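Here's the structure we're looking at; comments come further down.
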Amino acid sequence: MNKQVWYKELITKLDPSNVKIDEALHVHTMTRMGGMADLFVTPENEQEAAFIVDYTHKNNIPLLLLGNGSNMVVRDGGVRGVVLCLEKLDKIVIEGNHVYAESGAAIIDVSKAAAKESLTGLEFTCGIPGTVGGAMAMNAGAYGGEIKDVILQCTVLTPEGEKLVLSKEELELEYRKSIITKEGYYVLSAEFELKPGNPEEVNAKIADLTFQRESKQPLEYPSAGSVFKRPPGYFAGKLIQDSGLQGKGFGGAEVSTKHAGFIVNKNNATATDYINTIEMVKKAVHDNFGVELELEVKIVGENSK
C-alpha cells in the first residue's frame, strides 16, 4: 500500500487541504485517543464522498468512516488505509415539517434547528453527541425516543459507491442497529418528518433533557459515550455500579464515578488503557451476574507495535 500514490490520485478530484497524510486521530475522537491514519480525507460534498468510496473500493484500499468520533475507540497503532470524515457535509434545511440534514451535521444541532421552527419529535436527540450519520446507523435513542420514530428516508452510498435512497422500512431500524451497519453503507443525508409543536413546550423539553444529560453524565472528561448496549432486562450502568467498579480502571482510563455506563479518559489514557478497562468491566459483570455485556462503541484500528 502506498499512501503517497493514493494522495496524488485523490487530489485530482479533491482540494489538497482536504487530504492529509499521517493524520493524528486523537484530535478527531471524543476519547482524545488513537494513533495515526495513513490518509484522512474530508470531502466537501456528496460527489467527492462518492469518488472516495469508489476509488478505495476499486483499489482495495481499506476505508473507515469517522463521524465526530463520539462512539469510537481508535487503537494506538492507528488506522491503515483511508479515514473518511464527513464533517463538512453539515447542511440542515427545513421545509414545512420536514427536516433534511447531511450526515456530518451534529444531531444536537438538528434538534435545535427543528425547535427554532417549533417542530416536535427530535427533542430526545439533544443529548446525543454524535452526527446524523452515526445516529442513523445506530438508530440512536435516548429519553424514550428513537431515530426510527421520526425518520422518513435516508440517502446512502454502498461500499461500491452506488447511491441509494432507503425508506424507513428499508432501513431495518432496530435497537442500536440498521441495514446501514449490516451492509456497511455510508450515510450521506437523512430526511425527518416531524410535527408542529408548541414552541414553549419544545424548548422546555430540550432544556430539561439537556440538564439531565449535563447533570448525570461525566462530560467534564473525554469519553466514547455510553460504552455498552442495554442488556435485556437490565441496565448496564447499574450492573457495573453494583460490581463496585466505579473509579477503577487501567492507566489513565477509569469507570466514571458519576455514571458507571461511561469509561472516561481521566489522565492521558491510551486506547490500550481504555480497552483493558472495557475488558475488566465485561469480566466482572459476567462473573457477578452472568450477563454478557455487548459493546455499543466501535473499536477500530491496530495495536501499537
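By convention here, the chains of the C-alpha cells are called A, B, ... in the order presented, each chain's residues are numbered starting at 1, and ligands are numbered starting at 1 in the order presented.
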
Requested in this report: Write down as a PyMOL selection string the residues belonging to segment 15-241 of chain A that are assigned strand (DSSP E or B) by DSSP computed on the backbone.
Outcome: chain A and resi 19-24+36-41+63-66+72-74+79-85+92-95+98-102+106+119-120+131+141-142+145-146+151-157+163-167+174+177+186-193+195-196+223-226+228

**Report entry** Test item: residues at most 12 Å from Ser304 of chain A, only C-alpha atoms, excluding those fewer than 6 positions along its chain, as a PyMOL selection string
**Finding:** chain A and resi 34-36+74-79+270-272

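The neighbours of segment 58-69 of chain A here are the residues that come within 6 Å of it, using only C-alpha atoms and leaving out any residue fewer than 4 positions away in the same chain; they are Thr29, Met30, Gly81, Val82, Val83, Leu84 and Cys85 of chain A.
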
Report task. Please identify which residues in segment 174-245 of chain A DSSP calls helix (DSSP H, G or I) from the backbone, and express them as a ChimeraX atom specification. Result -> /A:179-183,199-216,236-242

What are the closest atom pairs, with distances in Å to one decimal, for all residues of segment 114-178 of chain A lying within 10 Å of segment 44-54 of chain A? Consider only C-alpha atoms, order rows by chain and residue number, and present the result as CSV.
residue,atom,partner,partner_atom,distance
A:Val156,CA,A:Ala50,CA,9.7
A:Leu157,CA,A:Ala50,CA,7.0
A:Thr158,CA,A:Val53,CA,8.4
A:Pro159,CA,A:Val53,CA,6.7
A:Glu160,CA,A:Asp54,CA,5.7
A:Gly161,CA,A:Asp54,CA,4.7
A:Glu162,CA,A:Ala50,CA,7.7
A:Lys163,CA,A:Ala50,CA,8.0

Query raised in the report: Which is closer to Ala207 of chain A than all the others in A:Asn265, A:Ser111, A:Gln4, A:Asn303, using only C-alpha atoms?
Result: A:Ser111

Requested in this report: Identify, on the basis of only C-alpha atoms, every residue whose closest approach to segment 295-300 of chain A does not exceed 9 Å; exclude the query and any residue fewer than 3 positions from it along the same chain; express the result as a count of residues only.
Outcome: 20
